[in-house]
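A short write-up of the structure that comes next.
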Amino acid sequence: MRSDYPWTASPFIVSAPMAKIAMPKLAVAVSKAGGIGFIAAGYHSDHLEDLLEEAENLLEGDEGTPPTVERCTTETPNPKFVPVGVGFITWSASLEKTLPTFTRYCPAAVWLFAPPKDFRDLIPWANKIREATAGRTKIWVQVGGVADAAKVVETIHPDVIVVQGLDAGGHSLARGASIVPLVPEIRDKLLELCPTPERRPDILAAGGISDCRGVAAAMALGAQGCVLGTRFLASPEAMIARGYQRALLDACDGGVSTVRTSIYDKVRDIHGWPEAYDGRGLKNKTFSDHVGGLSEVRNRELYREELNRGDEGYGPDGRLTTYAGTGVGLIRDVAPAGDIVKSLRDGARRILRGEYRTKL
Ligand SMILES: Cc1cc2nc3c(=O)[nH]c(=O)nc-3n(C[C@H](O)[C@H](O)[C@H](O)COP(=O)(O)O)c2cc1C
């Protein structure tokens, strides 16, 4: 994996593309720390070129950029290589609108998530992006099950499979397993489907990982690294309301304080997620009223009124959506994204070397 992303170090630490939150500042900070940061193109890919230009400017205009990252950015003049990834929610984003961007910029990877009907919908995405970037932009696909992973490998031949377990914050399959059984079972399946290592996609684990112990565990399960979403919400580089961040820091016991539901999409008028998906977020009044029988129409009205409360509208007694994974209880501080990457990587290395004693 390192040869495709030469500025990175093992274990691979990746910040997830999180719609409206993971923007160039976060992605660049993560890549500069030796991880891979993703920009969320999200539901629409309208401003992708501007976002990649912003990332490029952030990389160029900063003396703190490590030489390996710098070298990568100067390698290919056209399209220009940018050492960050871009994530698409494919049931809603448009490949046609997106493609022209790849004639100017060549991000390190694209991340394809949630096809409208079936994983075959992703074939044009993979083929056309590979063609536009002469294969320099690697294809990552996020899946939540063993059969889906097999289908993706057989149809798309991705470079990376992101194995998303049920603990993940934000959207994922409503039914499934945690990364504990998923990662090794998918790894076994890939060994069977792709006996030669060169053709075998790498595996990254996502969902519920918030500290170096989770990273080390994912490595032991057979992953080459981890994707974290919720942990990076608590960084100054995330485009997120202070009230949202405070609610994350206040939360504990993520299995109890978060829930998988689709009511948070409904009150925000987000329609169109394929049926198998819902989202995990902190429980709040929107959810408790929904369970208590409040109509969707009234719940939406109350949500809209709550927007006027700004930061005060977050938390268990608020109504504003606070997507988060079950690892939320392990997050105790807001820390620079680069520091998060380094502490996850260094801590996991120490654990894997057997140096884990009391507290890391
Ligand atoms: C606030 C939030 C927004 C997210 N938005 C996206 C998205 O736009 N596209 C996507 O592929 N995944 C999205 N995800 C899911 C992540 O890709 C990832 O699987 C998840 O964050 C991993 O679990 P964790 O949050 O427990 O670390 C989002 C997650 C969160 C928490």
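The way I read the labels, and the way they are meant: chains A, B, ... in the order of the structure tokens, residue 1 as the first residue of every chain, and ligand 1 as the first ligand shown, with later ones counted on from there.
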If we count only C-alpha atoms, what is near stretch 115-127 of chain A at a cut-off of 12 Å, once residues fewer than 5 positions away on the same chain are taken out, given as a PyMOL selection string? chain A and resi 43+87-99+102+109-110+132-143+147-159+172-173+272-277
Go ahead and dump the residues you just picked, N, CA and C atoms, as a compact mmCIF listing (two decimals), in the first residue's frame.
# COMPACT_ATOMS: atom_id res chain seq x y z
N TYR A 43 -22.90 14.34 -1.07
CA TYR A 43 -24.10 14.06 -1.88
C TYR A 43 -23.97 14.65 -3.28
N GLY A 87 -14.26 11.46 -1.38
CA GLY A 87 -15.31 10.45 -1.16
C GLY A 87 -16.63 10.86 -1.79
N PHE A 88 -17.28 9.90 -2.45
CA PHE A 88 -18.56 10.15 -3.10
C PHE A 88 -19.65 9.26 -2.52
N ILE A 89 -20.80 9.84 -2.27
CA ILE A 89 -21.99 9.06 -1.93
C ILE A 89 -22.67 8.79 -3.27
N THR A 90 -22.48 7.59 -3.81
CA THR A 90 -22.70 7.40 -5.25
C THR A 90 -24.17 7.31 -5.66
N TRP A 91 -25.09 7.08 -4.71
CA TRP A 91 -26.50 7.08 -5.13
C TRP A 91 -26.95 8.49 -5.49
N SER A 92 -26.17 9.47 -5.05
CA SER A 92 -26.61 10.84 -5.24
C SER A 92 -25.62 11.68 -6.06
N ALA A 93 -24.34 11.41 -5.96
CA ALA A 93 -23.35 12.21 -6.69
C ALA A 93 -23.37 11.85 -8.18
N SER A 94 -22.89 12.80 -9.00
CA SER A 94 -22.94 12.58 -10.44
C SER A 94 -21.54 12.36 -11.01
N LEU A 95 -21.36 11.21 -11.64
CA LEU A 95 -20.07 10.91 -12.26
C LEU A 95 -19.79 11.89 -13.41
N GLU A 96 -20.84 12.19 -14.20
CA GLU A 96 -20.65 13.07 -15.35
C GLU A 96 -20.13 14.45 -14.92
N LYS A 97 -20.75 14.97 -13.83
CA LYS A 97 -20.33 16.30 -13.35
C LYS A 97 -18.91 16.25 -12.79
N THR A 98 -18.56 15.09 -12.26
CA THR A 98 -17.30 14.94 -11.55
C THR A 98 -16.11 14.77 -12.49
N LEU A 99 -16.35 14.06 -13.59
CA LEU A 99 -15.23 13.64 -14.44
C LEU A 99 -14.30 14.76 -14.92
N PHE A 102 -11.19 15.45 -13.00
CA PHE A 102 -10.05 14.52 -13.03
C PHE A 102 -9.11 14.79 -14.21
N ALA A 109 -6.85 9.02 -4.19
CA ALA A 109 -7.84 7.95 -4.19
C ALA A 109 -9.25 8.53 -4.29
N VAL A 110 -10.16 7.75 -4.85
CA VAL A 110 -11.58 8.07 -4.69
C VAL A 110 -12.21 6.95 -3.87
N ALA A 132 -9.25 8.45 -16.78
CA ALA A 132 -8.92 9.88 -16.75
C ALA A 132 -7.58 10.16 -16.06
N THR A 133 -7.21 9.31 -15.11
CA THR A 133 -6.00 9.60 -14.33
C THR A 133 -4.89 8.58 -14.62
N ALA A 134 -5.06 7.81 -15.67
CA ALA A 134 -4.09 6.75 -16.03
C ALA A 134 -3.78 5.86 -14.82
N GLY A 135 -4.81 5.60 -14.04
CA GLY A 135 -4.66 4.67 -12.92
C GLY A 135 -3.98 5.25 -11.69
N ARG A 136 -3.64 6.54 -11.73
CA ARG A 136 -2.94 7.12 -10.56
C ARG A 136 -3.89 7.31 -9.39
N THR A 137 -5.15 7.63 -9.70
CA THR A 137 -6.13 7.74 -8.63
C THR A 137 -6.63 6.33 -8.31
N LYS A 138 -6.41 5.90 -7.09
CA LYS A 138 -6.77 4.53 -6.70
C LYS A 138 -8.25 4.47 -6.32
N ILE A 139 -8.82 3.29 -6.53
CA ILE A 139 -10.25 3.13 -6.29
C ILE A 139 -10.48 2.40 -4.96
N TRP A 140 -11.16 3.08 -4.06
CA TRP A 140 -11.51 2.49 -2.77
C TRP A 140 -13.05 2.33 -2.73
N VAL A 141 -13.49 1.20 -2.21
CA VAL A 141 -14.94 0.99 -2.09
C VAL A 141 -15.25 0.61 -0.64
N GLN A 142 -16.24 1.26 -0.09
CA GLN A 142 -16.65 0.95 1.29
C GLN A 142 -17.78 -0.08 1.26
N VAL A 143 -17.62 -1.17 2.01
CA VAL A 143 -18.65 -2.22 2.07
C VAL A 143 -18.94 -2.58 3.53
N ALA A 147 -20.48 -10.78 1.42
CA ALA A 147 -20.94 -10.99 0.04
C ALA A 147 -20.70 -9.73 -0.79
N ASP A 148 -20.94 -8.57 -0.19
CA ASP A 148 -20.71 -7.30 -0.92
C ASP A 148 -19.23 -7.15 -1.27
N ALA A 149 -18.37 -7.51 -0.34
CA ALA A 149 -16.93 -7.40 -0.60
C ALA A 149 -16.55 -8.30 -1.77
N ALA A 150 -17.10 -9.51 -1.80
CA ALA A 150 -16.79 -10.45 -2.90
C ALA A 150 -17.27 -9.89 -4.23
N LYS A 151 -18.50 -9.33 -4.22
CA LYS A 151 -19.04 -8.76 -5.47
C LYS A 151 -18.16 -7.62 -5.97
N VAL A 152 -17.77 -6.77 -5.06
CA VAL A 152 -16.95 -5.60 -5.44
C VAL A 152 -15.61 -6.06 -6.02
N VAL A 153 -15.02 -7.05 -5.40
CA VAL A 153 -13.72 -7.53 -5.88
C VAL A 153 -13.86 -8.13 -7.28
N GLU A 154 -14.94 -8.87 -7.48
CA GLU A 154 -15.11 -9.53 -8.78
C GLU A 154 -15.47 -8.56 -9.90
N THR A 155 -16.19 -7.47 -9.57
CA THR A 155 -16.65 -6.58 -10.64
C THR A 155 -15.77 -5.34 -10.83
N ILE A 156 -15.19 -4.84 -9.74
CA ILE A 156 -14.52 -3.54 -9.84
C ILE A 156 -13.00 -3.64 -9.65
N HIS A 157 -12.54 -4.72 -9.04
CA HIS A 157 -11.11 -4.89 -8.73
C HIS A 157 -10.57 -3.64 -8.03
N PRO A 158 -11.14 -3.31 -6.88
CA PRO A 158 -10.70 -2.07 -6.20
C PRO A 158 -9.29 -2.22 -5.65
N ASP A 159 -8.65 -1.10 -5.40
CA ASP A 159 -7.33 -1.12 -4.78
C ASP A 159 -7.45 -1.32 -3.27
N SER A 172 -24.42 3.74 7.31
CA SER A 172 -23.86 2.43 6.95
C SER A 172 -25.05 1.50 6.80
N LEU A 173 -24.77 0.24 6.47
CA LEU A 173 -25.87 -0.72 6.39
C LEU A 173 -26.56 -0.78 7.75
N GLY A 272 -33.68 9.53 -0.24
CA GLY A 272 -33.05 8.82 -1.35
C GLY A 272 -32.00 7.81 -0.94
N TRP A 273 -31.67 7.72 0.36
CA TRP A 273 -30.72 6.68 0.74
C TRP A 273 -31.30 5.31 0.37
N PRO A 274 -30.52 4.42 -0.24
CA PRO A 274 -31.03 3.07 -0.53
C PRO A 274 -31.56 2.43 0.76
N GLU A 275 -32.56 1.60 0.61
CA GLU A 275 -33.31 1.07 1.76
C GLU A 275 -32.45 0.41 2.84
N ALA A 276 -31.36 -0.22 2.42
CA ALA A 276 -30.56 -0.99 3.39
C ALA A 276 -29.77 -0.11 4.37
N TYR A 277 -29.75 1.20 4.13
CA TYR A 277 -28.90 2.08 4.95
C TYR A 277 -29.68 2.89 5.97
Based on the backbone DSSP call, show me all residues of stretch 94-330 of chain A assigned strand (DSSP E), as a count of residues only. 43
What separation in Å, quoted to one decimal, exists between atom CA of A:Pro100 and atom CA of A:Val82?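 The value is 15.5 Å.
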Nearby residues (only C-alpha atoms) at most 8 Å from stretch 228-239 of chain A, same-chain spacing under 2 positions excluded, as an NGL selection string: :A and (13-18 or 20-23 or 25-26 or 29 or 168-169 or 206-210 or 226 or 241 or 245 or 248-249 or 324-325 or 327-328 or 331 or 333-337 or 340)
Could those selected residues go to a file with C-alpha atoms, as an mmCIF file, in the first residue's frame?
data_model
loop_
_atom_site.group_PDB
_atom_site.id
_atom_site.type_symbol
_atom_site.label_atom_id
_atom_site.label_comp_id
_atom_site.auth_asym_id
_atom_site.auth_seq_id
_atom_site.Cartn_x
_atom_site.Cartn_y
_atom_site.Cartn_z
ATOM 1 C CA ILE A 13 -4.511 6.095 9.403
ATOM 2 C CA VAL A 14 -7.254 7.554 7.262
ATOM 3 C CA SER A 15 -9.749 10.305 7.997
ATOM 4 C CA ALA A 16 -13.144 9.468 6.504
ATOM 5 C CA PRO A 17 -14.936 11.591 3.939
ATOM 6 C CA MET A 18 -17.705 13.088 6.088
ATOM 7 C CA LYS A 20 -19.974 18.853 4.810
ATOM 8 C CA ILE A 21 -17.440 18.277 7.621
ATOM 9 C CA ALA A 22 -14.335 16.708 6.056
ATOM 10 C CA MET A 23 -13.076 19.525 3.889
ATOM 11 C CA LYS A 25 -8.208 21.601 5.873
ATOM 12 C CA LEU A 26 -8.856 18.313 7.650
ATOM 13 C CA ALA A 29 -3.671 17.949 7.973
ATOM 14 C CA ALA A 168 -19.641 3.321 12.457
ATOM 15 C CA GLY A 169 -20.896 6.854 12.868
ATOM 16 C CA ALA A 206 -13.879 1.442 9.862
ATOM 17 C CA GLY A 207 -16.388 1.789 12.640
ATOM 18 C CA GLY A 208 -16.031 2.397 16.356
ATOM 19 C CA ILE A 209 -12.264 2.963 16.360
ATOM 20 C CA SER A 210 -11.280 5.987 18.424
ATOM 21 C CA CYS A 226 -8.015 2.100 9.874
ATOM 22 C CA ALA A 241 -20.392 23.390 15.102
ATOM 23 C CA GLN A 245 -18.151 18.898 19.296
ATOM 24 C CA LEU A 248 -19.329 14.403 21.400
ATOM 25 C CA LEU A 249 -17.021 15.150 24.332
ATOM 26 C CA ALA A 324 -21.271 9.662 15.814
ATOM 27 C CA GLY A 325 -20.023 6.088 16.149
ATOM 28 C CA GLY A 327 -16.420 4.814 19.927
ATOM 29 C CA VAL A 328 -17.579 8.292 20.974
ATOM 30 C CA ILE A 331 -13.019 10.813 22.830
ATOM 31 C CA ASP A 333 -10.481 16.140 23.857
ATOM 32 C CA VAL A 334 -10.397 18.237 20.728
ATOM 33 C CA ALA A 335 -6.933 17.704 19.259
ATOM 34 C CA PRO A 336 -5.199 18.792 16.045
ATOM 35 C CA ALA A 337 -5.819 16.207 13.326
ATOM 36 C CA ILE A 340 -4.455 12.444 16.353
#
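Proximity of A:Leu330, A:Leu302, A:Val215, A:Val256 to A:Ile351, computed with only C-alpha atoms, is greatest for A:Val215.
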Atom CA of A:Pro24 and atom 26 (O, counted along the ligand's line) of ligand 1 are how many Å apart?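 So the answer is 20.5 Å.
Atom CA of A:Lys266 to atom CA of A:Leu282 spans 15.6 Å [interatomic distance, one decimal].
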